[in-house]
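Participant: Below is the file target25.pdb, which contains PDB, C-alpha atoms (C1' of nucleotides).
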ATOM      1  CA  MET A   1    -140.063 -10.707 -67.508  1.00  0.00           C
ATOM      2  CA  GLU A   2    -142.390  -8.065 -66.135  1.00  0.00           C
ATOM      3  CA  ILE A   3    -145.182  -6.962 -68.436  1.00  0.00           C
ATOM      4  CA  ARG A   4    -144.166  -3.329 -68.014  1.00  0.00           C
ATOM      5  CA  GLU A   5    -140.730  -4.177 -69.422  1.00  0.00           C
ATOM      6  CA  VAL A   6    -142.359  -5.847 -72.406  1.00  0.00           C
ATOM      7  CA  PHE A   7    -144.476  -2.759 -72.921  1.00  0.00           C
ATOM      8  CA  ALA A   8    -141.481  -0.454 -72.513  1.00  0.00           C
ATOM      9  CA  ARG A   9    -139.513  -2.275 -75.204  1.00  0.00           C
ATOM     10  CA  ASN A  10    -142.421  -2.513 -77.610  1.00  0.00           C
ATOM     11  CA  LEU A  11    -143.259   1.140 -77.087  1.00  0.00           C
ATOM     12  CA  ARG A  12    -139.713   2.295 -77.793  1.00  0.00           C
ATOM     13  CA  ALA A  13    -139.425  -0.018 -80.792  1.00  0.00           C
ATOM     14  CA  ALA A  14    -142.725   1.157 -82.241  1.00  0.00           C
ATOM     15  CA  ARG A  15    -141.861   4.809 -81.630  1.00  0.00           C
ATOM     16  CA  GLN A  16    -138.472   4.547 -83.294  1.00  0.00           C
ATOM     17  CA  ALA A  17    -139.932   2.540 -86.152  1.00  0.00           C
ATOM     18  CA  LYS A  18    -142.234   5.479 -86.729  1.00  0.00           C
ATOM     19  CA  GLY A  19    -139.287   7.829 -86.618  1.00  0.00           C
ATOM     20  CA  LEU A  20    -140.763   9.845 -83.764  1.00  0.00           C
ATOM     21  CA  SER A  21    -138.969  11.437 -80.816  1.00  0.00           C
ATOM     22  CA  GLN A  22    -140.392  11.100 -77.311  1.00  0.00           C
ATOM     23  CA  GLU A  23    -141.283  14.771 -77.586  1.00  0.00           C
ATOM     24  CA  GLU A  24    -143.205  14.337 -80.814  1.00  0.00           C
ATOM     25  CA  LEU A  25    -145.025  11.230 -79.618  1.00  0.00           C
ATOM     26  CA  ALA A  26    -145.911  12.968 -76.365  1.00  0.00           C
ATOM     27  CA  HIS A  27    -147.323  15.892 -78.285  1.00  0.00           C
ATOM     28  CA  ARG A  28    -149.462  13.764 -80.599  1.00  0.00           C
ATOM     29  CA  ALA A  29    -150.798  11.563 -77.809  1.00  0.00           C
ATOM     30  CA  ASP A  30    -151.325  14.581 -75.554  1.00  0.00           C
ATOM     31  CA  ILE A  31    -149.151  13.026 -72.852  1.00  0.00           C
ATOM     32  CA  ASP A  32    -146.271  14.651 -70.986  1.00  0.00           C
ATOM     33  CA  ARG A  33    -142.835  14.076 -72.506  1.00  0.00           C
ATOM     34  CA  THR A  34    -141.264  12.960 -69.240  1.00  0.00           C
ATOM     35  CA  TYR A  35    -144.068  10.485 -68.694  1.00  0.00           C
ATOM     36  CA  ILE A  36    -143.281   8.816 -72.013  1.00  0.00           C
ATOM     37  CA  SER A  37    -139.694   8.646 -70.840  1.00  0.00           C
ATOM     38  CA  SER A  38    -140.822   6.987 -67.607  1.00  0.00           C
ATOM     39  CA  LEU A  39    -142.873   4.406 -69.472  1.00  0.00           C
ATOM     40  CA  GLU A  40    -139.926   3.486 -71.705  1.00  0.00           C
ATOM     41  CA  ARG A  41    -137.817   3.014 -68.584  1.00  0.00           C
ATOM     42  CA  SER A  42    -140.369   0.606 -67.033  1.00  0.00           C
ATOM     43  CA  ILE A  43    -141.148   2.912 -64.121  1.00  0.00           C
ATOM     44  CA  TYR A  44    -144.902   2.376 -64.192  1.00  0.00           C
ATOM     45  CA  ASN A  45    -147.499  -0.247 -65.005  1.00  0.00           C
ATOM     46  CA  ALA A  46    -149.400   1.876 -67.483  1.00  0.00           C
ATOM     47  CA  SER A  47    -153.183   1.723 -67.533  1.00  0.00           C
ATOM     48  CA  ILE A  48    -154.847   0.259 -70.607  1.00  0.00           C
ATOM     49  CA  GLU A  49    -156.204   3.694 -71.416  1.00  0.00           C
ATOM     50  CA  VAL A  50    -152.685   5.115 -71.880  1.00  0.00           C
ATOM     51  CA  VAL A  51    -151.615   2.038 -73.826  1.00  0.00           C
ATOM     52  CA  ASP A  52    -154.562   2.501 -76.150  1.00  0.00           C
ATOM     53  CA  ARG A  53    -153.869   6.195 -76.776  1.00  0.00           C
ATOM     54  CA  LEU A  54    -150.222   5.549 -77.586  1.00  0.00           C
ATOM     55  CA  ALA A  55    -151.093   2.604 -79.803  1.00  0.00           C
ATOM     56  CA  THR A  56    -153.547   4.710 -81.769  1.00  0.00           C
ATOM     57  CA  VAL A  57    -150.955   7.416 -82.424  1.00  0.00           C
ATOM     58  CA  LEU A  58    -148.388   4.797 -83.404  1.00  0.00           C
ATOM     59  CA  GLY A  59    -150.816   3.177 -85.793  1.00  0.00           C
ATOM     60  CA  VAL A  60    -150.911  -0.219 -84.134  1.00  0.00           C
ATOM     61  CA  GLU A  61    -153.397  -2.153 -82.012  1.00  0.00           C
ATOM     62  CA  ALA A  62    -153.146  -1.753 -78.257  1.00  0.00           C
ATOM     63  CA  SER A  63    -152.605  -5.499 -78.060  1.00  0.00           C
ATOM     64  CA  GLU A  64    -149.485  -5.197 -80.234  1.00  0.00           C
ATOM     65  CA  LEU A  65    -147.689  -3.230 -77.527  1.00  0.00           C
ATOM     66  CA  LEU A  66    -148.170  -5.996 -74.963  1.00  0.00           C
ATOM     67  CA  LYS A  67    -146.851  -8.929 -76.964  1.00  0.00           C
ATOM     68  CA  ARG A  68    -143.976 -10.774 -75.332  1.00  0.00           C
ATOM     69  CA  SER A  69    -140.735 -11.889 -76.947  1.00  0.00           C
ATOM     70  CA  GLN A  70    -141.614 -10.640 -80.328  1.00  0.00           C
ATOM     71  CA  ASP A  71    -139.471  -7.583 -80.817  1.00  0.00           C
ATOM     72  CA  GLU A  72    -139.265  -8.297 -84.498  1.00  0.00           C
ATOM     73  CA  HIS A  73    -142.980  -8.623 -84.780  1.00  0.00           C
ATOM     74  CA  VAL A  74    -143.701  -5.068 -83.756  1.00  0.00           C
ATOM     75  CA  LYS A  75    -141.070  -3.772 -86.128  1.00  0.00           C
ATOM     76  CA  SER A  76    -142.329  -5.773 -89.062  1.00  0.00           C
ATOM     77  CA  THR A  77    -145.881  -4.753 -88.319  1.00  0.00           C
ATOM     78  CA  ILE A  78    -145.024  -1.113 -88.800  1.00  0.00           C
ATOM     79  CA  GLU A  79    -143.899  -0.747 -92.347  1.00  0.00           C
ATOM     80  CA  LEU A  80    -142.038   2.514 -92.371  1.00  0.00           C
ATOM     81  CA  ASP A  81    -138.930   3.461 -94.290  1.00  0.00           C
ATOM     82  CA  GLU A  82    -136.170   4.602 -91.952  1.00  0.00           C
TER
ATOM     83  CA  MET B   1    -165.616   2.372 -77.897  1.00  0.00           C
ATOM     84  CA  GLU B   2    -163.542   2.739 -74.774  1.00  0.00           C
ATOM     85  CA  ILE B   3    -160.659   0.327 -74.324  1.00  0.00           C
ATOM     86  CA  ARG B   4    -161.917  -0.638 -70.889  1.00  0.00           C
ATOM     87  CA  GLU B   5    -165.162  -1.847 -72.444  1.00  0.00           C
ATOM     88  CA  VAL B   6    -163.211  -3.978 -74.894  1.00  0.00           C
ATOM     89  CA  PHE B   7    -161.234  -5.398 -72.010  1.00  0.00           C
ATOM     90  CA  ALA B   8    -164.389  -5.983 -69.947  1.00  0.00           C
ATOM     91  CA  ARG B   9    -166.016  -8.020 -72.711  1.00  0.00           C
ATOM     92  CA  ASN B  10    -162.907 -10.030 -73.501  1.00  0.00           C
ATOM     93  CA  LEU B  11    -162.289 -10.706 -69.830  1.00  0.00           C
ATOM     94  CA  ARG B  12    -165.796 -12.000 -69.191  1.00  0.00           C
ATOM     95  CA  ALA B  13    -165.733 -14.084 -72.363  1.00  0.00           C
ATOM     96  CA  ALA B  14    -162.354 -15.612 -71.508  1.00  0.00           C
ATOM     97  CA  ARG B  15    -163.402 -16.300 -67.928  1.00  0.00           C
ATOM     98  CA  GLN B  16    -166.619 -18.023 -68.926  1.00  0.00           C
ATOM     99  CA  ALA B  17    -164.815 -19.956 -71.628  1.00  0.00           C
ATOM    100  CA  LYS B  18    -162.606 -21.291 -68.871  1.00  0.00           C
ATOM    101  CA  GLY B  19    -165.633 -22.114 -66.745  1.00  0.00           C
ATOM    102  CA  LEU B  20    -164.399 -20.000 -63.847  1.00  0.00           C
ATOM    103  CA  SER B  21    -166.442 -17.874 -61.453  1.00  0.00           C
ATOM    104  CA  GLN B  22    -165.335 -14.322 -60.635  1.00  0.00           C
ATOM    105  CA  GLU B  23    -164.485 -15.621 -57.179  1.00  0.00           C
ATOM    106  CA  GLU B  24    -162.273 -18.414 -58.454  1.00  0.00           C
ATOM    107  CA  LEU B  25    -160.538 -16.177 -60.972  1.00  0.00           C
ATOM    108  CA  ALA B  26    -159.934 -13.554 -58.291  1.00  0.00           C
ATOM    109  CA  HIS B  27    -158.434 -16.161 -55.998  1.00  0.00           C
ATOM    110  CA  ARG B  28    -156.097 -17.619 -58.613  1.00  0.00           C
ATOM    111  CA  ALA B  29    -154.923 -14.208 -59.825  1.00  0.00           C
ATOM    112  CA  ASP B  30    -154.647 -12.937 -56.256  1.00  0.00           C
ATOM    113  CA  ILE B  31    -156.917  -9.994 -57.026  1.00  0.00           C
ATOM    114  CA  ASP B  32    -159.887  -8.771 -55.015  1.00  0.00           C
ATOM    115  CA  ARG B  33    -163.187 -10.442 -55.892  1.00  0.00           C
ATOM    116  CA  THR B  34    -165.163  -7.202 -56.111  1.00  0.00           C
ATOM    117  CA  TYR B  35    -162.495  -5.676 -58.317  1.00  0.00           C
ATOM    118  CA  ILE B  36    -162.964  -8.402 -60.931  1.00  0.00           C
ATOM    119  CA  SER B  37    -166.649  -7.586 -60.861  1.00  0.00           C
ATOM    120  CA  SER B  38    -165.846  -3.904 -61.376  1.00  0.00           C
ATOM    121  CA  LEU B  39    -163.562  -4.634 -64.302  1.00  0.00           C
ATOM    122  CA  GLU B  40    -166.232  -6.686 -66.074  1.00  0.00           C
ATOM    123  CA  ARG B  41    -168.620  -3.768 -65.631  1.00  0.00           C
ATOM    124  CA  SER B  42    -166.103  -1.317 -67.214  1.00  0.00           C
ATOM    125  CA  ILE B  43    -165.713   0.725 -64.034  1.00  0.00           C
ATOM    126  CA  TYR B  44    -161.928   1.064 -64.152  1.00  0.00           C
ATOM    127  CA  ASN B  45    -158.993   1.245 -66.565  1.00  0.00           C
ATOM    128  CA  ALA B  46    -156.918  -1.657 -65.295  1.00  0.00           C
ATOM    129  CA  SER B  47    -153.129  -1.450 -65.265  1.00  0.00           C
ATOM    130  CA  ILE B  48    -151.232  -3.738 -67.620  1.00  0.00           C
ATOM    131  CA  GLU B  49    -149.947  -5.629 -64.603  1.00  0.00           C
ATOM    132  CA  VAL B  50    -153.479  -6.699 -63.686  1.00  0.00           C
ATOM    133  CA  VAL B  51    -154.249  -7.528 -67.309  1.00  0.00           C
ATOM    134  CA  ASP B  52    -151.176  -9.716 -67.458  1.00  0.00           C
ATOM    135  CA  ARG B  53    -151.956 -11.595 -64.257  1.00  0.00           C
ATOM    136  CA  LEU B  54    -155.511 -12.293 -65.375  1.00  0.00           C
ATOM    137  CA  ALA B  55    -154.337 -13.362 -68.807  1.00  0.00           C
ATOM    138  CA  THR B  56    -151.855 -15.791 -67.291  1.00  0.00           C
ATOM    139  CA  VAL B  57    -154.530 -17.433 -65.155  1.00  0.00           C
ATOM    140  CA  LEU B  58    -156.893 -17.602 -68.110  1.00  0.00           C
ATOM    141  CA  GLY B  59    -154.220 -19.187 -70.259  1.00  0.00           C
ATOM    142  CA  VAL B  60    -154.149 -16.495 -72.921  1.00  0.00           C
ATOM    143  CA  GLU B  61    -151.763 -13.740 -73.977  1.00  0.00           C
ATOM    144  CA  ALA B  62    -152.237 -10.370 -72.297  1.00  0.00           C
ATOM    145  CA  SER B  63    -152.644  -8.888 -75.746  1.00  0.00           C
ATOM    146  CA  GLU B  64    -155.621 -11.168 -76.413  1.00  0.00           C
ATOM    147  CA  LEU B  65    -157.667  -9.387 -73.768  1.00  0.00           C
ATOM    148  CA  LEU B  66    -157.228  -6.001 -75.441  1.00  0.00           C
ATOM    149  CA  LYS B  67    -158.175  -6.950 -78.973  1.00  0.00           C
ATOM    150  CA  ARG B  68    -160.984  -4.929 -80.473  1.00  0.00           C
ATOM    151  CA  SER B  69    -163.391  -6.365 -82.993  1.00  0.00           C
ATOM    152  CA  GLN B  70    -162.274  -5.815 -86.564  1.00  0.00           C
ATOM    153  CA  ASP B  71    -165.022  -3.269 -87.144  1.00  0.00           C
ATOM    154  CA  GLU B  72    -164.002  -1.142 -84.208  1.00  0.00           C
ATOM    155  CA  HIS B  73    -160.395  -1.224 -85.278  1.00  0.00           C
ATOM    156  CA  VAL B  74    -161.152  -0.009 -88.738  1.00  0.00           C
ATOM    157  CA  LYS B  75    -163.269   2.818 -87.397  1.00  0.00           C
ATOM    158  CA  SER B  76    -160.673   4.153 -84.981  1.00  0.00           C
ATOM    159  CA  THR B  77    -157.983   3.895 -87.627  1.00  0.00           C
ATOM    160  CA  ILE B  78    -159.950   5.995 -90.059  1.00  0.00           C
ATOM    161  CA  GLU B  79    -160.936   8.571 -87.452  1.00  0.00           C
ATOM    162  CA  LEU B  80    -157.371   9.407 -86.506  1.00  0.00           C
ATOM    163  CA  ASP B  81    -156.070  10.167 -89.935  1.00  0.00           C
ATOM    164  CA  GLU B  82    -153.239  12.659 -89.596  1.00  0.00           C
TER
ATOM    165  C1'  DG C   1    -133.632  14.918 -77.254  1.00  0.00           C
ATOM    166  C1'  DT C   2    -133.667  12.252 -72.990  1.00  0.00           C
ATOM    167  C1'  DG C   3    -133.182  10.935 -67.846  1.00  0.00           C
ATOM    168  C1'  DT C   4    -134.325  11.882 -63.111  1.00  0.00           C
ATOM    169  C1'  DG C   5    -136.022  13.300 -58.354  1.00  0.00           C
ATOM    170  C1'  DA C   6    -139.577  15.613 -56.111  1.00  0.00           C
ATOM    171  C1'  DC C   7    -143.928  16.805 -55.935  1.00  0.00           C
ATOM    172  C1'  DT C   8    -149.429  16.826 -56.134  1.00  0.00           C
ATOM    173  C1'  DC C   9    -153.732  14.585 -57.134  1.00  0.00           C
ATOM    174  C1'  DG C  10    -157.053  11.420 -58.399  1.00  0.00           C
ATOM    175  C1'  DA C  11    -157.846   6.809 -60.071  1.00  0.00           C
ATOM    176  C1'  DA C  12    -156.505   2.023 -59.237  1.00  0.00           C
ATOM    177  C1'  DG C  13    -157.003  -1.542 -56.111  1.00  0.00           C
ATOM    178  C1'  DT C  14    -158.343  -3.633 -51.253  1.00  0.00           C
ATOM    179  C1'  DC C  15    -161.488  -4.762 -47.574  1.00  0.00           C
ATOM    180  C1'  DC C  16    -165.638  -4.495 -45.149  1.00  0.00           C
ATOM    181  C1'  DG C  17    -170.472  -5.089 -45.668  1.00  0.00           C
ATOM    182  C1'  DT C  18    -175.628  -5.849 -47.857  1.00  0.00           C
ATOM    183  C1'  DA C  19    -178.923  -7.715 -51.108  1.00  0.00           C
TER
ATOM    184  C1'  DG D   1    -172.257 -16.355 -57.713  1.00  0.00           C
ATOM    185  C1'  DT D   2    -172.725 -11.560 -58.708  1.00  0.00           C
ATOM    186  C1'  DA D   3    -173.678  -6.433 -58.148  1.00  0.00           C
ATOM    187  C1'  DC D   4    -173.036  -2.598 -55.539  1.00  0.00           C
ATOM    188  C1'  DG D   5    -171.902   0.637 -51.669  1.00  0.00           C
ATOM    189  C1'  DG D   6    -168.557   3.045 -48.303  1.00  0.00           C
ATOM    190  C1'  DA D   7    -164.044   3.719 -46.453  1.00  0.00           C
ATOM    191  C1'  DC D   8    -159.959   3.062 -46.838  1.00  0.00           C
ATOM    192  C1'  DT D   9    -154.549   2.613 -48.957  1.00  0.00           C
ATOM    193  C1'  DT D  10    -151.472   2.363 -52.908  1.00  0.00           C
ATOM    194  C1'  DC D  11    -149.760   3.813 -57.103  1.00  0.00           C
ATOM    195  C1'  DG D  12    -150.397   5.617 -61.787  1.00  0.00           C
ATOM    196  C1'  DA D  13    -151.091  10.260 -64.019  1.00  0.00           C
ATOM    197  C1'  DG D  14    -149.297  14.512 -64.820  1.00  0.00           C
ATOM    198  C1'  DT D  15    -146.040  18.522 -64.131  1.00  0.00           C
ATOM    199  C1'  DC D  16    -141.647  20.892 -63.065  1.00  0.00           C
ATOM    200  C1'  DA D  17    -136.678  22.225 -62.805  1.00  0.00           C
ATOM    201  C1'  DC D  18    -132.328  20.671 -63.752  1.00  0.00           C
ATOM    202  C1'  DA D  19    -128.629  17.732 -65.508  1.00  0.00           C
TER
END
Now, as a test, write the supplied structure out as C-alpha coordinates.
Facilitator:
Amino acid sequence: MEIREVFARNLRAARQAKGLSQEELAHRADIDRTYISSLERSIYNASIEVVDRLATVLGVEASELLKRSQDEHVKSTIELDE
Amino acid sequence: MEIREVFARNLRAARQAKGLSQEELAHRADIDRTYISSLERSIYNASIEVVDRLATVLGVEASELLKRSQDEHVKSTIELDE
DNA sequence: GTGTGACTCGAAGTCCGTA
DNA sequence: GTACGGACTTCGAGTCACA
(Lines of atoms letter the chains of each structure in order from A and count residues from 1; the text may use other names and numbers.)
(Lines give C-alpha, C1' and ligand atoms only; values in the text may rest on other atoms or scores of the structure.)
Protein backbone atom coordinates (compact mmCIF):
# COMPACT_ATOMS: atom_id res chain seq x y z
CA MET A 1 0.00 0.00 0.00
CA GLU A 2 1.29 3.41 -0.99
CA ILE A 3 2.30 5.69 1.86
CA ARG A 4 0.05 8.44 0.53
CA GLU A 5 -2.94 6.11 0.90
CA VAL A 6 -1.94 5.39 4.48
CA PHE A 7 -1.70 9.11 5.11
CA ALA A 8 -5.02 9.77 3.39
CA ARG A 9 -6.84 7.26 5.59
CA ASN A 10 -5.19 8.40 8.79
CA LEU A 11 -5.87 12.02 7.96
CA ARG A 12 -9.56 11.42 7.30
CA ALA A 13 -9.89 9.24 10.39
CA ALA A 14 -8.18 11.81 12.59
CA ARG A 15 -10.24 14.65 11.13
CA GLN A 16 -13.53 12.86 11.66
CA ALA A 17 -12.49 11.76 15.12
CA LYS A 18 -12.05 15.44 15.90
CA GLY A 19 -15.46 16.16 14.46
CA LEU A 20 -14.08 18.62 11.93
CA SER A 21 -15.19 19.20 8.34
CA GLN A 22 -12.60 19.54 5.58
CA GLU A 23 -13.54 23.21 5.50
CA GLU A 24 -12.92 23.72 9.19
CA LEU A 25 -9.65 21.80 9.18
CA ALA A 26 -8.49 23.74 6.13
CA HIS A 27 -9.26 26.99 7.88
CA ARG A 28 -7.41 26.10 11.07
CA ALA A 29 -4.35 24.75 9.27
CA ASP A 30 -4.40 27.66 6.82
CA ILE A 31 -4.57 25.27 3.87
CA ASP A 32 -6.98 25.38 0.94
CA ARG A 33 -10.13 23.29 1.37
CA THR A 34 -9.78 21.56 -1.99
CA TYR A 35 -6.20 20.66 -1.19
CA ILE A 36 -7.32 18.83 1.93
CA SER A 37 -9.80 17.02 -0.27
CA SER A 38 -7.00 16.05 -2.65
CA LEU A 39 -4.86 14.71 0.18
CA GLU A 40 -7.71 12.55 1.48
CA ARG A 41 -8.13 11.15 -2.02
CA SER A 42 -4.43 10.18 -2.25
CA ILE A 43 -3.72 12.57 -5.11
CA TYR A 44 -0.41 13.83 -3.76
CA ASN A 45 2.58 12.70 -1.74
CA ALA A 46 2.35 15.47 0.82
CA SER A 47 5.53 17.08 2.09
CA ILE A 48 6.44 16.56 5.73
CA GLU A 49 5.80 20.23 6.34
CA VAL A 50 2.11 19.87 5.42
CA VAL A 51 1.84 16.66 7.41
CA ASP A 52 3.25 18.44 10.44
CA ARG A 53 0.86 21.40 10.18
CA LEU A 54 -2.17 19.15 9.89
CA ALA A 55 -0.98 16.94 12.73
CA THR A 56 -0.56 19.95 14.99
CA VAL A 57 -4.10 21.16 14.32
CA LEU A 58 -5.46 17.65 14.86
CA GLY A 59 -3.61 17.34 18.14
CA VAL A 60 -1.48 14.37 17.19
CA GLU A 61 2.17 13.79 16.32
CA ALA A 62 3.14 14.01 12.67
CA SER A 63 4.37 10.44 12.95
CA GLU A 64 0.87 9.28 13.94
CA LEU A 65 -0.49 10.19 10.51
CA LEU A 66 2.02 7.94 8.74
CA LYS A 67 1.47 4.74 10.68
CA ARG A 68 0.46 1.77 8.55
CA SER A 69 -2.33 -0.71 9.22
CA GLN A 70 -3.35 0.82 12.45
CA ASP A 71 -6.61 2.55 11.71
CA GLU A 72 -7.80 1.83 15.20
CA HIS A 73 -4.68 3.26 16.69
CA VAL A 74 -5.24 6.74 15.37
CA LYS A 75 -8.83 6.69 16.53
CA SER A 76 -7.98 5.50 20.00
CA THR A 77 -5.21 8.04 20.26
CA ILE A 78 -7.65 10.88 19.83
CA GLU A 79 -10.02 10.70 22.72
CA LEU A 80 -12.97 12.73 21.60
CA ASP A 81 -16.64 12.15 22.25
CA GLU A 82 -18.58 11.88 19.00
CA MET B 1 11.84 23.42 15.60
CA GLU B 2 11.08 22.78 11.96
CA ILE B 3 9.89 19.31 11.04
CA ARG B 4 12.58 19.02 8.39
CA GLU B 5 15.23 19.45 11.08
CA VAL B 6 13.65 16.67 13.10
CA PHE B 7 13.65 14.48 10.03
CA ALA B 8 17.26 15.41 9.20
CA ARG B 9 18.49 14.36 12.64
CA ASN B 10 16.49 11.15 12.73
CA LEU B 11 17.59 10.25 9.22
CA ARG B 12 21.28 10.72 9.95
CA ALA B 13 20.98 8.85 13.25
CA ALA B 14 19.14 5.93 11.63
CA ARG B 15 21.59 5.79 8.74
CA GLN B 16 24.64 5.75 10.98
CA ALA B 17 23.00 3.21 13.26
CA LYS B 18 22.73 1.00 10.21
CA GLY B 19 26.36 1.66 9.33
CA LEU B 20 25.47 2.95 5.87
CA SER B 21 27.11 5.77 3.93
CA GLN B 22 24.97 8.41 2.22
CA GLU B 23 26.06 6.86 -1.06
CA GLU B 24 24.97 3.36 -0.10
CA LEU B 25 21.66 4.56 1.32
CA ALA B 26 21.00 6.60 -1.82
CA HIS B 27 21.70 3.58 -3.99
CA ARG B 28 19.45 1.22 -2.05
CA ALA B 29 16.58 3.71 -1.86
CA ASP B 30 17.09 4.70 -5.50
CA ILE B 31 17.43 8.36 -4.55
CA ASP B 32 20.09 10.81 -5.69
CA ARG B 33 23.23 10.85 -3.55
CA THR B 34 23.40 14.64 -3.26
CA TYR B 35 19.74 14.77 -2.31
CA ILE B 36 20.36 12.58 0.74
CA SER B 37 23.08 15.00 1.71
CA SER B 38 20.66 17.90 1.31
CA LEU B 39 18.02 16.21 3.44
CA GLU B 40 20.48 15.62 6.29
CA ARG B 41 21.37 19.31 6.14
CA SER B 42 17.66 20.33 6.41
CA ILE B 43 17.60 21.95 2.97
CA TYR B 44 14.28 20.51 1.82
CA ASN B 45 10.90 19.33 3.11
CA ALA B 46 10.88 15.79 1.76
CA SER B 47 7.67 14.23 0.49
CA ILE B 48 6.23 11.33 2.47
CA GLU B 49 7.06 9.05 -0.43
CA VAL B 50 10.77 9.73 0.01
CA VAL B 51 10.47 9.36 3.78
CA ASP B 52 8.80 6.00 3.31
CA ARG B 53 11.41 4.68 0.89
CA LEU B 54 14.25 5.70 3.18
CA ALA B 55 12.50 4.23 6.19
CA THR B 56 12.03 0.92 4.40
CA VAL B 57 15.72 0.69 3.53
CA LEU B 58 16.69 1.64 7.07
CA GLY B 59 14.38 -0.99 8.49
CA VAL B 60 12.21 1.37 10.50
CA GLU B 61 8.67 2.72 10.26
CA ALA B 62 8.23 5.93 8.28
CA SER B 63 6.69 7.44 11.37
CA GLU B 64 9.89 6.79 13.32
CA LEU B 65 11.78 9.31 11.21
CA LEU B 66 9.36 12.12 12.06
CA LYS B 67 9.28 11.72 15.81
CA ARG B 68 10.20 14.82 17.76
CA SER B 69 11.91 14.66 21.12
CA GLN B 70 9.46 14.65 24.01
CA ASP B 71 10.44 18.17 24.99
CA GLU B 72 9.74 19.58 21.57
CA HIS B 73 6.40 17.85 21.44
CA VAL B 74 5.26 19.29 24.70
CA LYS B 75 6.29 22.77 23.64
CA SER B 76 4.43 22.75 20.34
CA THR B 77 1.36 21.29 22.00
CA ILE B 78 1.22 24.07 24.54
CA GLU B 79 1.87 26.80 21.99
CA LEU B 80 -1.11 25.90 19.83
CA ASP B 81 -3.74 25.98 22.49
CA GLU B 82 -7.04 26.89 20.85
C1' DG C 1 -19.82 19.81 2.73
C1' DT C 2 -17.12 17.45 -0.78
C1' DG C 3 -15.11 16.04 -5.52
C1' DT C 4 -12.86 17.39 -9.73
C1' DG C 5 -10.36 19.41 -13.87
C1' DA C 6 -7.60 23.09 -15.23
C1' DC C 7 -4.44 26.16 -14.21
C1' DT C 8 0.04 28.71 -12.28
C1' DC C 9 4.21 28.71 -9.61
C1' DG C 10 7.86 27.43 -6.84
C1' DA C 11 9.90 23.71 -4.25
C1' DA C 12 11.14 18.84 -4.65
C1' DG C 13 14.20 15.90 -6.81
C1' DT C 14 17.96 14.64 -10.56
C1' DC C 15 22.37 15.08 -12.81
C1' DC C 16 26.57 17.22 -13.80
C1' DG C 17 30.64 18.92 -11.68
C1' DT C 18 34.45 20.63 -7.87
C1' DA C 19 36.82 20.50 -3.48
C1' DG D 1 32.63 9.79 2.03
C1' DT D 2 30.60 14.26 2.30
C1' DA D 3 29.39 19.25 1.21
C1' DC D 4 28.15 22.35 -2.07
C1' DG D 5 27.21 24.68 -6.59
C1' DG D 6 24.62 25.27 -11.20
C1' DA D 7 21.25 23.78 -14.47
C1' DC D 8 18.01 21.31 -15.30
C1' DT D 9 12.96 18.43 -14.96
C1' DT D 10 9.10 16.80 -12.21
C1' DC D 11 5.55 17.32 -9.08
C1' DG D 12 3.62 19.23 -4.81
C1' DA D 13 1.40 23.68 -3.29
C1' DG D 14 -2.20 26.63 -3.83
C1' DT D 15 -6.37 28.68 -6.18
C1' DC D 16 -10.64 28.76 -8.97
C1' DA D 17 -15.24 27.65 -11.01
C1' DC D 18 -18.52 24.27 -11.25
C1' DA D 19 -20.96 19.96 -10.29
Participant: Let me know the residues the PyMOL selection byres ((chain A) within 9 of (chain D)) catches in the file above, as an MDAnalysis selection string.
Facilitator: chainID A and resid 31:32 34:35 44:47
Participant: Tell me, in Å to one decimal, how far CA of Leu65 (chain A) is from CA of Gln22 (chain B).
Facilitator: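 CA of Gln22 (chain B) lies 26.8 Å from CA of Leu65 (chain A).
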Participant: Each residue of chain C with at least one atom at most 10 Å from chain B should appear once, together with its nearest atom pair and the corresponding distance in Å (one decimal); atoms considered: only C-alpha atoms (C1' of nucleotides); ordering: chain, then increasing residue number; output as a Markdown table.
Facilitator:
| residue | atom | partner | partner_atom | distance |
| --- | --- | --- | --- | --- |
| C:DA11 | C1' | B:Tyr44 | CA | 8.1 |
| C:DA12 | C1' | B:Ala46 | CA | 7.1 |
| C:DG13 | C1' | B:Tyr35 | CA | 7.2 |
| C:DT14 | C1' | B:Asp32 | CA | 6.6 |
| C:DC15 | C1' | B:Asp32 | CA | 8.6 |
Participant: What do you get, as JSON, numbers by chain, if you spell out every residue that the PyMOL selection byres ((chain B) within 7 of (chain A)) selects here?
Facilitator: {"B": [3, 45, 46, 47, 48, 49, 52, 62, 63, 64, 66, 67]}
Participant: At a cut-off of 10 Å around the point (-138.9, 12.8, -69.8) (file coordinates), what residues fall inside when counting only C-alpha atoms (C1' of nucleotides)? I'd like the answer as a ChimeraX atom specification.
Facilitator: /A:22-23,26,32-41 /C:1-4
Participant: Kindly save the residues from that selection, with C-alpha atoms (C1' of nucleotides) included, as a CSV table (one decimal), in the frame of the given file.
Facilitator:
chain,number,residue,atom,x,y,z
A,22,GLN,CA,-140.4,11.1,-77.3
A,23,GLU,CA,-141.3,14.8,-77.6
A,26,ALA,CA,-145.9,13.0,-76.4
A,32,ASP,CA,-146.3,14.7,-71.0
A,33,ARG,CA,-142.8,14.1,-72.5
A,34,THR,CA,-141.3,13.0,-69.2
A,35,TYR,CA,-144.1,10.5,-68.7
A,36,ILE,CA,-143.3,8.8,-72.0
A,37,SER,CA,-139.7,8.6,-70.8
A,38,SER,CA,-140.8,7.0,-67.6
A,39,LEU,CA,-142.9,4.4,-69.5
A,40,GLU,CA,-139.9,3.5,-71.7
A,41,ARG,CA,-137.8,3.0,-68.6
C,1,DG,C1',-133.6,14.9,-77.3
C,2,DT,C1',-133.7,12.3,-73.0
C,3,DG,C1',-133.2,10.9,-67.8
C,4,DT,C1',-134.3,11.9,-63.1
Participant: After a least-squares fit of chain A on chain B across every C-alpha pair in order, what's the RMSD, to one decimal?
Facilitator: 9.2 Å
Participant: Find the distance between CA of His27 (chain B) and CA of Ala14 (chain B) and write it in Å to one decimal.
Facilitator: 16.0 Å
Participant: Could you please determine the separation between CA of Leu54 (chain B) and C1' of DC9 (chain C) in Å, to one decimal place?
Facilitator: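 Distance reported for this atom pair: 28.2 Å.
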Participant: Grab all the atoms of region 6-14 of chain C that the file lists, wrap them in a box along x, y and z, add 5 Å per side, and give me centre plus edge lengths in Å (one decimal) as lines of an AutoDock Vina configuration file.
Facilitator:
center_x = -149.0
center_y = 6.6
center_z = -55.7
size_x = 28.8
size_y = 30.5
size_z = 18.8
